[in-house]
file start-v5.pdb (PDB, C-alpha atoms and all ligand atoms)
ATOM      1  CA  MET A 209     -29.881 125.280 199.420  1.00  0.00           C
ATOM      2  CA  THR A 210     -31.869 123.986 202.398  1.00  0.00           C
ATOM      3  CA  THR A 211     -34.859 121.666 202.109  1.00  0.00           C
ATOM      4  CA  PRO A 212     -37.074 121.462 205.217  1.00  0.00           C
ATOM      5  CA  LEU A 213     -37.299 118.000 206.806  1.00  0.00           C
ATOM      6  CA  VAL A 214     -41.024 117.535 206.220  1.00  0.00           C
ATOM      7  CA  ARG A 215     -40.755 118.542 202.578  1.00  0.00           C
ATOM      8  CA  ALA A 216     -37.798 116.185 202.093  1.00  0.00           C
ATOM      9  CA  LEU A 217     -39.732 113.275 203.610  1.00  0.00           C
ATOM     10  CA  SER A 218     -42.732 114.062 201.448  1.00  0.00           C
ATOM     11  CA  GLU A 219     -40.595 114.226 198.263  1.00  0.00           C
ATOM     12  CA  LEU A 220     -38.944 110.907 199.108  1.00  0.00           C
ATOM     13  CA  HIS A 221     -42.307 109.333 199.894  1.00  0.00           C
ATOM     14  CA  ALA A 222     -43.705 110.444 196.524  1.00  0.00           C
ATOM     15  CA  THR A 223     -40.550 109.312 194.694  1.00  0.00           C
ATOM     16  CA  TYR A 224     -40.315 105.793 196.137  1.00  0.00           C
ATOM     17  CA  ARG A 225     -44.062 105.141 196.608  1.00  0.00           C
ATOM     18  CA  GLY A 226     -44.192 102.489 193.877  1.00  0.00           C
ATOM     19  CA  PHE A 227     -41.000 100.689 194.930  1.00  0.00           C
ATOM     20  CA  PRO A 228     -40.863  97.372 196.822  1.00  0.00           C
ATOM     21  CA  VAL A 229     -41.223  97.601 200.612  1.00  0.00           C
ATOM     22  CA  ARG A 230     -37.599  96.509 201.063  1.00  0.00           C
ATOM     23  CA  THR A 231     -36.323  99.447 198.982  1.00  0.00           C
ATOM     24  CA  ARG A 232     -38.624 101.916 200.761  1.00  0.00           C
ATOM     25  CA  ALA A 233     -37.454 100.665 204.155  1.00  0.00           C
ATOM     26  CA  HIS A 234     -33.821 100.991 203.039  1.00  0.00           C
ATOM     27  CA  VAL A 235     -34.399 104.538 201.750  1.00  0.00           C
ATOM     28  CA  LEU A 236     -36.114 105.586 204.989  1.00  0.00           C
ATOM     29  CA  GLY A 237     -33.368 103.989 207.089  1.00  0.00           C
ATOM     30  CA  ARG A 238     -30.647 105.735 205.075  1.00  0.00           C
ATOM     31  CA  PHE A 239     -32.442 109.068 205.307  1.00  0.00           C
ATOM     32  CA  LEU A 240     -32.852 108.808 209.074  1.00  0.00           C
ATOM     33  CA  THR A 241     -29.261 107.728 209.753  1.00  0.00           C
ATOM     34  CA  CYS A 242     -27.289 109.824 207.266  1.00  0.00           C
ATOM     35  CA  PRO A 243     -27.207 113.656 207.220  1.00  0.00           C
ATOM     36  CA  PHE A 244     -28.277 113.982 203.569  1.00  0.00           C
ATOM     37  CA  LEU A 245     -29.976 117.324 204.186  1.00  0.00           C
ATOM     38  CA  ALA A 246     -26.842 118.838 205.717  1.00  0.00           C
ATOM     39  CA  VAL A 247     -24.828 117.710 202.679  1.00  0.00           C
ATOM     40  CA  ALA A 248     -27.468 118.987 200.239  1.00  0.00           C
ATOM     41  CA  GLY A 249     -27.493 122.238 202.216  1.00  0.00           C
ATOM     42  CA  GLU A 250     -23.956 122.878 200.921  1.00  0.00           C
ATOM     43  CA  LEU A 251     -25.113 122.987 197.288  1.00  0.00           C
ATOM     44  CA  PRO A 252     -25.532 126.425 195.751  1.00  0.00           C
ATOM     45  CA  ALA A 253     -28.780 126.803 193.753  1.00  0.00           C
ATOM     46  CA  GLY A 254     -28.726 125.997 190.040  1.00  0.00           C
ATOM     47  CA  VAL A 255     -25.611 123.817 190.062  1.00  0.00           C
ATOM     48  CA  ARG A 256     -24.821 120.825 187.858  1.00  0.00           C
ATOM     49  CA  VAL A 257     -23.966 117.883 190.095  1.00  0.00           C
ATOM     50  CA  LEU A 258     -22.207 114.586 189.472  1.00  0.00           C
ATOM     51  CA  GLU A 259     -22.964 112.040 192.170  1.00  0.00           C
ATOM     52  CA  ILE A 260     -20.657 109.005 192.263  1.00  0.00           C
ATOM     53  CA  GLY A 261     -22.095 105.832 193.815  1.00  0.00           C
ATOM     54  CA  ALA A 262     -25.606 107.275 194.009  1.00  0.00           C
ATOM     55  CA  GLY A 263     -27.259 104.102 195.301  1.00  0.00           C
ATOM     56  CA  HIS A 264     -31.031 104.452 195.068  1.00  0.00           C
ATOM     57  CA  GLY A 265     -30.689 108.179 194.337  1.00  0.00           C
ATOM     58  CA  ILE A 266     -31.689 109.672 197.702  1.00  0.00           C
ATOM     59  CA  PHE A 267     -29.137 112.487 197.585  1.00  0.00           C
ATOM     60  CA  ALA A 268     -29.797 113.124 193.890  1.00  0.00           C
ATOM     61  CA  ARG A 269     -33.507 113.497 194.641  1.00  0.00           C
ATOM     62  CA  LEU A 270     -32.892 115.854 197.571  1.00  0.00           C
ATOM     63  CA  ALA A 271     -30.415 117.896 195.531  1.00  0.00           C
ATOM     64  CA  ALA A 272     -33.028 118.282 192.780  1.00  0.00           C
ATOM     65  CA  ALA A 273     -35.673 119.210 195.369  1.00  0.00           C
ATOM     66  CA  GLY A 274     -33.295 121.829 196.726  1.00  0.00           C
ATOM     67  CA  GLY A 275     -32.758 123.500 193.358  1.00  0.00           C
ATOM     68  CA  ALA A 276     -29.841 121.752 191.614  1.00  0.00           C
ATOM     69  CA  ARG A 277     -30.208 122.296 187.863  1.00  0.00           C
ATOM     70  CA  HIS A 278     -29.257 118.744 186.948  1.00  0.00           C
ATOM     71  CA  VAL A 279     -27.815 115.713 188.713  1.00  0.00           C
ATOM     72  CA  ILE A 280     -26.004 112.883 186.951  1.00  0.00           C
ATOM     73  CA  ALA A 281     -26.282 109.956 189.358  1.00  0.00           C
ATOM     74  CA  VAL A 282     -23.687 107.285 188.585  1.00  0.00           C
ATOM     75  CA  GLU A 283     -24.119 103.891 190.247  1.00  0.00           C
ATOM     76  CA  PRO A 284     -22.329 100.626 189.348  1.00  0.00           C
ATOM     77  CA  ASP A 285     -24.779  98.280 191.075  1.00  0.00           C
ATOM     78  CA  LEU A 286     -27.283  97.420 188.350  1.00  0.00           C
ATOM     79  CA  ARG A 287     -29.854  96.373 190.953  1.00  0.00           C
ATOM     80  CA  LYS A 288     -30.043 100.063 191.869  1.00  0.00           C
ATOM     81  CA  SER A 289     -29.175 101.980 188.704  1.00  0.00           C
ATOM     82  CA  LEU A 290     -31.480 100.007 186.414  1.00  0.00           C
ATOM     83  CA  SER A 291     -34.503 100.213 188.695  1.00  0.00           C
ATOM     84  CA  SER A 292     -34.186 103.900 189.530  1.00  0.00           C
ATOM     85  CA  PHE A 293     -37.002 106.441 189.506  1.00  0.00           C
ATOM     86  CA  ARG A 294     -37.561 109.009 186.738  1.00  0.00           C
ATOM     87  CA  HIS A 295     -37.113 112.733 187.357  1.00  0.00           C
ATOM     88  CA  PRO A 296     -36.596 115.527 184.802  1.00  0.00           C
ATOM     89  CA  ALA A 297     -33.561 116.939 186.646  1.00  0.00           C
ATOM     90  CA  ILE A 298     -31.860 113.577 187.318  1.00  0.00           C
ATOM     91  CA  SER A 299     -30.123 111.166 184.935  1.00  0.00           C
ATOM     92  CA  PHE A 300     -29.044 107.782 186.241  1.00  0.00           C
ATOM     93  CA  VAL A 301     -25.992 106.168 184.673  1.00  0.00           C
ATOM     94  CA  ALA A 302     -25.035 102.554 185.314  1.00  0.00           C
ATOM     95  CA  GLY A 303     -21.280 102.535 185.874  1.00  0.00           C
ATOM     96  CA  PHE A 304     -18.292 103.799 187.809  1.00  0.00           C
ATOM     97  CA  ASP A 305     -17.099 107.417 187.992  1.00  0.00           C
ATOM     98  CA  ASP A 306     -15.208 107.124 184.695  1.00  0.00           C
ATOM     99  CA  ALA A 307     -18.477 106.374 182.850  1.00  0.00           C
ATOM    100  CA  VAL A 308     -19.195 110.111 182.647  1.00  0.00           C
ATOM    101  CA  ALA A 309     -17.319 112.860 180.804  1.00  0.00           C
ATOM    102  CA  GLY A 310     -17.711 116.633 181.084  1.00  0.00           C
ATOM    103  CA  ARG A 311     -17.323 119.117 183.901  1.00  0.00           C
ATOM    104  CA  PHE A 312     -19.602 119.765 186.880  1.00  0.00           C
ATOM    105  CA  ASP A 313     -20.033 122.493 189.487  1.00  0.00           C
ATOM    106  CA  VAL A 314     -20.158 119.886 192.247  1.00  0.00           C
ATOM    107  CA  VAL A 315     -19.089 116.256 192.594  1.00  0.00           C
ATOM    108  CA  ALA A 316     -20.652 114.413 195.550  1.00  0.00           C
ATOM    109  CA  MET A 317     -19.738 111.045 197.053  1.00  0.00           C
ATOM    110  CA  ILE A 318     -21.763 109.880 200.033  1.00  0.00           C
ATOM    111  CA  ASP A 319     -20.584 106.783 201.882  1.00  0.00           C
ATOM    112  CA  VAL A 320     -18.909 105.358 198.795  1.00  0.00           C
ATOM    113  CA  LEU A 321     -15.187 105.903 199.348  1.00  0.00           C
ATOM    114  CA  TYR A 322     -14.990 103.205 202.033  1.00  0.00           C
ATOM    115  CA  LYS A 323     -16.021 100.699 199.342  1.00  0.00           C
ATOM    116  CA  VAL A 324     -12.970 101.648 197.248  1.00  0.00           C
ATOM    117  CA  PRO A 325      -9.621 100.035 198.221  1.00  0.00           C
ATOM    118  CA  LEU A 326      -7.208 102.535 199.815  1.00  0.00           C
ATOM    119  CA  HIS A 327      -4.601 102.209 197.076  1.00  0.00           C
ATOM    120  CA  GLU A 328      -7.174 103.513 194.553  1.00  0.00           C
ATOM    121  CA  TRP A 329      -8.146 106.663 196.484  1.00  0.00           C
ATOM    122  CA  ASP A 330      -5.485 109.036 195.087  1.00  0.00           C
ATOM    123  CA  ALA A 331      -6.340 108.152 191.495  1.00  0.00           C
ATOM    124  CA  LEU A 332     -10.058 108.527 192.253  1.00  0.00           C
ATOM    125  CA  PHE A 333      -9.530 111.985 193.811  1.00  0.00           C
ATOM    126  CA  ALA A 334      -7.506 113.020 190.750  1.00  0.00           C
ATOM    127  CA  ARG A 335     -10.388 111.901 188.479  1.00  0.00           C
ATOM    128  CA  VAL A 336     -12.876 113.814 190.652  1.00  0.00           C
ATOM    129  CA  ALA A 337     -10.764 116.989 190.289  1.00  0.00           C
ATOM    130  CA  GLU A 338     -10.815 116.464 186.504  1.00  0.00           C
ATOM    131  CA  ARG A 339     -14.639 116.336 186.513  1.00  0.00           C
ATOM    132  CA  LEU A 340     -14.935 119.739 188.242  1.00  0.00           C
ATOM    133  CA  VAL A 341     -15.039 123.173 186.650  1.00  0.00           C
ATOM    134  CA  PRO A 342     -12.365 125.527 188.047  1.00  0.00           C
ATOM    135  CA  GLY A 343     -13.652 126.635 191.449  1.00  0.00           C
ATOM    136  CA  GLY A 344     -16.018 123.627 191.552  1.00  0.00           C
ATOM    137  CA  MET A 345     -16.693 121.821 194.823  1.00  0.00           C
ATOM    138  CA  PHE A 346     -16.083 118.246 195.936  1.00  0.00           C
ATOM    139  CA  LEU A 347     -18.429 117.072 198.713  1.00  0.00           C
ATOM    140  CA  LEU A 348     -17.234 113.860 200.333  1.00  0.00           C
ATOM    141  CA  LYS A 349     -19.308 112.327 203.152  1.00  0.00           C
ATOM    142  CA  GLU A 350     -17.531 109.578 205.056  1.00  0.00           C
ATOM    143  CA  ILE A 351     -17.225 108.103 208.524  1.00  0.00           C
ATOM    144  CA  ASP A 352     -14.542 109.264 210.950  1.00  0.00           C
ATOM    145  CA  PRO A 353     -12.753 106.086 212.180  1.00  0.00           C
ATOM    146  CA  GLU A 354     -11.212 107.999 215.076  1.00  0.00           C
ATOM    147  CA  ARG A 355     -14.579 108.158 216.861  1.00  0.00           C
ATOM    148  CA  ARG A 356     -14.053 104.645 218.070  1.00  0.00           C
ATOM    149  CA  VAL A 357     -17.405 103.686 219.639  1.00  0.00           C
ATOM    150  CA  LYS A 358     -19.459 104.891 216.692  1.00  0.00           C
ATOM    151  CA  ALA A 359     -16.908 103.438 214.268  1.00  0.00           C
ATOM    152  CA  SER A 360     -17.359  99.982 215.885  1.00  0.00           C
ATOM    153  CA  TRP A 361     -21.098 100.220 215.410  1.00  0.00           C
ATOM    154  CA  ASN A 362     -20.514 101.151 211.770  1.00  0.00           C
ATOM    155  CA  ARG A 363     -18.150  98.193 211.311  1.00  0.00           C
ATOM    156  CA  ALA A 364     -20.737  95.757 212.744  1.00  0.00           C
ATOM    157  CA  GLN A 365     -23.488  97.146 210.522  1.00  0.00           C
ATOM    158  CA  GLU A 366     -21.294  97.017 207.406  1.00  0.00           C
ATOM    159  CA  SER A 367     -20.268  93.425 208.128  1.00  0.00           C
ATOM    160  CA  VAL A 368     -23.934  92.435 208.079  1.00  0.00           C
ATOM    161  CA  ALA A 369     -24.585  94.430 204.868  1.00  0.00           C
ATOM    162  CA  SER A 370     -21.589  92.764 203.167  1.00  0.00           C
ATOM    163  CA  ALA A 371     -22.586  89.289 204.363  1.00  0.00           C
ATOM    164  CA  LEU A 372     -26.062  89.824 202.914  1.00  0.00           C
ATOM    165  CA  ASN A 373     -24.544  91.188 199.690  1.00  0.00           C
ATOM    166  CA  LEU A 374     -26.600  94.372 200.047  1.00  0.00           C
ATOM    167  CA  THR A 375     -23.839  96.688 198.824  1.00  0.00           C
ATOM    168  CA  LEU A 376     -21.453  96.223 195.926  1.00  0.00           C
ATOM    169  CA  GLY A 377     -17.768  96.049 196.841  1.00  0.00           C
ATOM    170  CA  ARG A 378     -15.892  94.147 199.542  1.00  0.00           C
ATOM    171  CA  SER A 379     -13.571  96.913 200.664  1.00  0.00           C
ATOM    172  CA  PHE A 380     -13.883  98.526 204.115  1.00  0.00           C
ATOM    173  CA  SER A 381     -11.444 101.415 203.918  1.00  0.00           C
ATOM    174  CA  TYR A 382     -11.391 104.348 206.311  1.00  0.00           C
ATOM    175  CA  GLU A 383      -8.782 106.962 207.084  1.00  0.00           C
ATOM    176  CA  SER A 384      -8.568 109.693 209.695  1.00  0.00           C
ATOM    177  CA  PRO A 385      -9.623 113.205 208.656  1.00  0.00           C
ATOM    178  CA  THR A 386      -5.955 114.261 208.774  1.00  0.00           C
ATOM    179  CA  LEU A 387      -4.953 111.654 206.201  1.00  0.00           C
ATOM    180  CA  VAL A 388      -7.993 112.287 203.987  1.00  0.00           C
ATOM    181  CA  ARG A 389      -7.151 115.999 203.962  1.00  0.00           C
ATOM    182  CA  ARG A 390      -3.571 115.227 202.915  1.00  0.00           C
ATOM    183  CA  ARG A 391      -4.804 113.112 200.031  1.00  0.00           C
ATOM    184  CA  LEU A 392      -7.179 115.859 198.902  1.00  0.00           C
ATOM    185  CA  GLU A 393      -4.338 118.376 199.011  1.00  0.00           C
ATOM    186  CA  ARG A 394      -2.114 116.041 196.996  1.00  0.00           C
ATOM    187  CA  ALA A 395      -4.865 115.832 194.364  1.00  0.00           C
ATOM    188  CA  GLY A 396      -4.682 119.634 194.075  1.00  0.00           C
ATOM    189  CA  PHE A 397      -7.807 120.610 196.046  1.00  0.00           C
ATOM    190  CA  VAL A 398      -7.870 123.850 198.015  1.00  0.00           C
ATOM    191  CA  GLY A 399     -10.141 125.397 200.662  1.00  0.00           C
ATOM    192  CA  LEU A 400     -10.433 122.094 202.523  1.00  0.00           C
ATOM    193  CA  GLU A 401     -12.935 121.837 205.352  1.00  0.00           C
ATOM    194  CA  ALA A 402     -13.983 118.865 207.462  1.00  0.00           C
ATOM    195  CA  ARG A 403     -17.268 119.133 209.369  1.00  0.00           C
ATOM    196  CA  GLN A 404     -18.333 116.594 211.963  1.00  0.00           C
ATOM    197  CA  LEU A 405     -22.038 115.865 211.375  1.00  0.00           C
ATOM    198  CA  GLY A 406     -22.515 112.822 213.592  1.00  0.00           C
ATOM    199  CA  ARG A 407     -23.790 114.491 216.735  1.00  0.00           C
ATOM    200  CA  TRP A 408     -27.399 113.291 216.515  1.00  0.00           C
ATOM    201  CA  TYR A 409     -26.626 110.097 214.616  1.00  0.00           C
ATOM    202  CA  PRO A 410     -25.397 106.604 215.532  1.00  0.00           C
ATOM    203  CA  HIS A 411     -22.500 107.046 213.069  1.00  0.00           C
ATOM    204  CA  ALA A 412     -19.525 109.439 213.167  1.00  0.00           C
ATOM    205  CA  HIS A 413     -20.397 111.280 209.959  1.00  0.00           C
ATOM    206  CA  VAL A 414     -17.821 113.693 208.598  1.00  0.00           C
ATOM    207  CA  LEU A 415     -18.293 115.911 205.558  1.00  0.00           C
ATOM    208  CA  TYR A 416     -15.238 117.078 203.638  1.00  0.00           C
ATOM    209  CA  SER A 417     -15.589 119.945 201.233  1.00  0.00           C
ATOM    210  CA  ALA A 418     -12.817 121.017 198.909  1.00  0.00           C
ATOM    211  CA  ARG A 419     -12.492 123.048 195.736  1.00  0.00           C
ATOM    212  CA  ARG A 420     -10.680 122.750 192.480  1.00  0.00           C
ATOM    213  CA  PRO A 421      -8.577 125.928 192.310  1.00  0.00           C
ATOM    214  CA  ALA A 422     -10.189 128.786 190.402  1.00  0.00           C
ATOM    215  CA  PRO A 423      -8.082 130.156 187.512  1.00  0.00           C
TER     216      PRO A 423
HETATM  217  C1  LIG B   1     -23.459 102.577 201.244  1.00  0.00           C
HETATM  218  S1  LIG B   1     -23.935 102.715 199.571  1.00  0.00           S
HETATM  219  C2  LIG B   1     -24.293 104.458 199.500  1.00  0.00           C
HETATM  220  C3  LIG B   1     -25.212 104.774 198.367  1.00  0.00           C
HETATM  221  C4  LIG B   1     -25.635 106.237 198.298  1.00  0.00           C
HETATM  222  N1  LIG B   1     -24.502 107.101 198.053  1.00  0.00           N
HETATM  223  C5  LIG B   1     -26.341 106.632 199.561  1.00  0.00           C
HETATM  224  O1  LIG B   1     -25.793 107.456 200.279  1.00  0.00           O
HETATM  225  O2  LIG B   1     -27.432 106.114 199.835  1.00  0.00           O
HETATM  226  C6  LIG B   1     -22.410 102.598 198.675  1.00  0.00           C
HETATM  227  C7  LIG B   1     -22.616 102.656 197.183  1.00  0.00           C
HETATM  228  O3  LIG B   1     -21.360 102.745 196.521  1.00  0.00           O
HETATM  229  C8  LIG B   1     -21.427 101.963 195.347  1.00  0.00           C
HETATM  230  N2  LIG B   1     -20.045 101.637 194.961  1.00  0.00           N
HETATM  231  C9  LIG B   1     -19.275 100.622 195.404  1.00  0.00           C
HETATM  232  N3  LIG B   1     -18.046 100.686 194.830  1.00  0.00           N
HETATM  233  C10 LIG B   1     -18.048 101.783 194.031  1.00  0.00           C
HETATM  234  C11 LIG B   1     -17.088 102.396 193.175  1.00  0.00           C
HETATM  235  N4  LIG B   1     -15.861 101.899 193.033  1.00  0.00           N
HETATM  236  N5  LIG B   1     -17.450 103.489 192.472  1.00  0.00           N
HETATM  237  C12 LIG B   1     -18.686 104.016 192.614  1.00  0.00           C
HETATM  238  N6  LIG B   1     -19.640 103.487 193.419  1.00  0.00           N
HETATM  239  C13 LIG B   1     -19.325 102.390 194.110  1.00  0.00           C
HETATM  240  C14 LIG B   1     -22.271 100.775 195.723  1.00  0.00           C
HETATM  241  O4  LIG B   1     -22.826 100.148 194.605  1.00  0.00           O
HETATM  242  C15 LIG B   1     -23.309 101.420 196.622  1.00  0.00           C
HETATM  243  O5  LIG B   1     -24.452 101.802 195.933  1.00  0.00           O
END
call {"tool": "encode", "arguments": {"input": "start-v5.pdb", "output": "structure tokens"}}
result
Amino acid sequence: MTTPLVRALSELHATYRGFPVRTRAHVLGRFLTCPFLAVAGELPAGVRVLEIGAGHGIFARLAAAGGARHVIAVEPDLRKSLSSFRHPAISFVAGFDDAVAGRFDVVAMIDVLYKVPLHEWDALFARVAERLVPGGMFLLKEIDPERRVKASWNRAQESVASALNLTLGRSFSYESPTLVRRRLERAGFVGLEARQLGRWYPHAHVLYSARRPAP
């Protein structure tokens, strides 16, 4: 499911047109520095998606533009979830991942895991597996801390964001792709892949994809 860059920009422009300048600048900055389109490109057409920690809904909007049937966008920060845009294929829910029941074809988490303390990761992965239909896909976009120069830049940027209280959560948790893969395996996921997506970006983006075993 690939959305061309110009169409994506135009959809985002139309979606956030009425929002405050600060939000629009944030959305544009996120779009330009995070490989949302590459992540959305992994979604098969017509899927039901649960997005955990959806922020202002950029990925949800791009997933809908790309042909997802429905996206439930869960976001605990009320400043974001309560002021979200309206779209027929997207439902925003104010809360954490456990605020939603049911099963989805895809669960996506984009730059959210680092905000969750390390000791909570295994339980979170187990809950994600529970939310997937058999054969369903978990898409996890994080930063690779082993790319040290880019990781330092990320750390500096996040320190500023935390100091300004721009993002909910105080945690700053990263693990190497090897350790993340082990955790995903322990949670019962199969077909694990880790793709480095940071080549043209200032951050060392890595996208993990994994599946709940099919029956
Ligand atoms: C860096 S932002 C990313 C937002 C969005 N995914 C994006 O890519 O633009 C991190 C988001 O995770 C949310 N968050 C923090 N702790 C969380 C948790 N335990 N569960 C779900 N979301 C959380 C924050 O409120 C914030 O919106």
call {"tool": "atom_distance", "arguments": {"input": "start-v5.pdb", "atom1": "atom CA of Glu393 of chain A", "atom2": "atom CA of Asp352 of chain A"}}
result
18.2 Å
call {"tool": "closest_atom_pairs", "arguments": {"input": "start-v5.pdb", "of": "chain A", "to": "ligand LIG 1 (chain B)", "cutoff": "7 Å", "atoms": "only C-alpha atoms and all ligand atoms", "output": "JSON lines"}}
result
{"residue": "A:Arg238", "atom": "CA", "partner": "B:LIG1", "partner_atom": "O2", "distance": 6.2}
{"residue": "A:Ile260", "atom": "CA", "partner": "B:LIG1", "partner_atom": "C12", "distance": 5.4}
{"residue": "A:Gly261", "atom": "CA", "partner": "B:LIG1", "partner_atom": "N6", "distance": 3.4}
{"residue": "A:Ala262", "atom": "CA", "partner": "B:LIG1", "partner_atom": "N1", "distance": 4.2}
{"residue": "A:Gly263", "atom": "CA", "partner": "B:LIG1", "partner_atom": "O5", "distance": 3.7}
{"residue": "A:His264", "atom": "CA", "partner": "B:LIG1", "partner_atom": "O2", "distance": 6.2}
{"residue": "A:Gly265", "atom": "CA", "partner": "B:LIG1", "partner_atom": "C4", "distance": 6.7}
{"residue": "A:Ile266", "atom": "CA", "partner": "B:LIG1", "partner_atom": "O2", "distance": 5.9}
{"residue": "A:Phe267", "atom": "CA", "partner": "B:LIG1", "partner_atom": "O1", "distance": 6.6}
{"residue": "A:Glu283", "atom": "CA", "partner": "B:LIG1", "partner_atom": "N6", "distance": 5.5}
{"residue": "A:Pro284", "atom": "CA", "partner": "B:LIG1", "partner_atom": "O4", "distance": 5.3}
{"residue": "A:Asp285", "atom": "CA", "partner": "B:LIG1", "partner_atom": "O4", "distance": 4.4}
{"residue": "A:Phe304", "atom": "CA", "partner": "B:LIG1", "partner_atom": "N5", "distance": 4.7}
{"residue": "A:Asp305", "atom": "CA", "partner": "B:LIG1", "partner_atom": "C12", "distance": 6.0}
{"residue": "A:Met317", "atom": "CA", "partner": "B:LIG1", "partner_atom": "N1", "distance": 6.3}
{"residue": "A:Ile318", "atom": "CA", "partner": "B:LIG1", "partner_atom": "N1", "distance": 4.4}
{"residue": "A:Asp319", "atom": "CA", "partner": "B:LIG1", "partner_atom": "C2", "distance": 5.0}
{"residue": "A:Val320", "atom": "CA", "partner": "B:LIG1", "partner_atom": "O3", "distance": 4.2}
{"residue": "A:Lys323", "atom": "CA", "partner": "B:LIG1", "partner_atom": "N3", "distance": 4.9}
{"residue": "A:Val324", "atom": "CA", "partner": "B:LIG1", "partner_atom": "N4", "distance": 5.1}
{"residue": "A:Thr375", "atom": "CA", "partner": "B:LIG1", "partner_atom": "C15", "distance": 5.2}
{"residue": "A:Leu376", "atom": "CA", "partner": "B:LIG1", "partner_atom": "O4", "distance": 4.4}
{"residue": "A:Gly377", "atom": "CA", "partner": "B:LIG1", "partner_atom": "C9", "distance": 5.0}
call {"tool": "closest_residue", "arguments": {"input": "start-v5.pdb", "among": "A:Leu270, A:Ala276, A:Ala395, A:Val336", "to": "Phe244 of chain A", "atoms": "all atoms listed in the file"}}
result
A:Leu270
call {"tool": "resolve_selection", "arguments": {"input": "start-v5.pdb", "expression": "the PyMOL selection byres (((chain A and resi 275) around 9) and not hetatm)", "output": "ChimeraX atom specification"}}
result
/A:209,251-255,270-274,276-278
call {"tool": "write_last_selection", "arguments": {"input": "start-v5.pdb", "atoms": "C-alpha atoms", "output": "PDB file, keeping the file's coordinate frame"}}
result
ATOM      1  CA  MET A 209     -29.881 125.280 199.420  1.00  0.00           C
ATOM      2  CA  LEU A 251     -25.113 122.987 197.288  1.00  0.00           C
ATOM      3  CA  PRO A 252     -25.532 126.425 195.751  1.00  0.00           C
ATOM      4  CA  ALA A 253     -28.780 126.803 193.753  1.00  0.00           C
ATOM      5  CA  GLY A 254     -28.726 125.997 190.040  1.00  0.00           C
ATOM      6  CA  VAL A 255     -25.611 123.817 190.062  1.00  0.00           C
ATOM      7  CA  LEU A 270     -32.892 115.854 197.571  1.00  0.00           C
ATOM      8  CA  ALA A 271     -30.415 117.896 195.531  1.00  0.00           C
ATOM      9  CA  ALA A 272     -33.028 118.282 192.780  1.00  0.00           C
ATOM     10  CA  ALA A 273     -35.673 119.210 195.369  1.00  0.00           C
ATOM     11  CA  GLY A 274     -33.295 121.829 196.726  1.00  0.00           C
ATOM     12  CA  ALA A 276     -29.841 121.752 191.614  1.00  0.00           C
ATOM     13  CA  ARG A 277     -30.208 122.296 187.863  1.00  0.00           C
ATOM     14  CA  HIS A 278     -29.257 118.744 186.948  1.00  0.00           C
TER      15      HIS A 278
END
call {"tool": "resolve_selection", "arguments": {"input": "start-v5.pdb", "expression": "the PyMOL selection byres (((chain A and resi 234) around 12) and not hetatm)", "output": "list in words"}}
result
Leu220, Tyr224, Phe227, Pro228, Val229, Arg230, Thr231, Arg232, Ala233, Val235, Leu236, Gly237, Arg238, Phe239, Leu240, Thr241, Cys242, Gly263, His264, Gly265, Ile266, Lys288, Ala369, Leu374 and Thr375 of chain A
call {"tool": "atom_distance", "arguments": {"input": "start-v5.pdb", "atom1": "atom CA of Leu347 of chain A", "atom2": "atom CA of Trp329 of chain A"}}
result
14.8 Å
call {"tool": "atom_distance", "arguments": {"input": "start-v5.pdb", "atom1": "atom CA of Ser381 of chain A", "atom2": "atom CA of Val257 of chain A"}}
result
24.9 Å
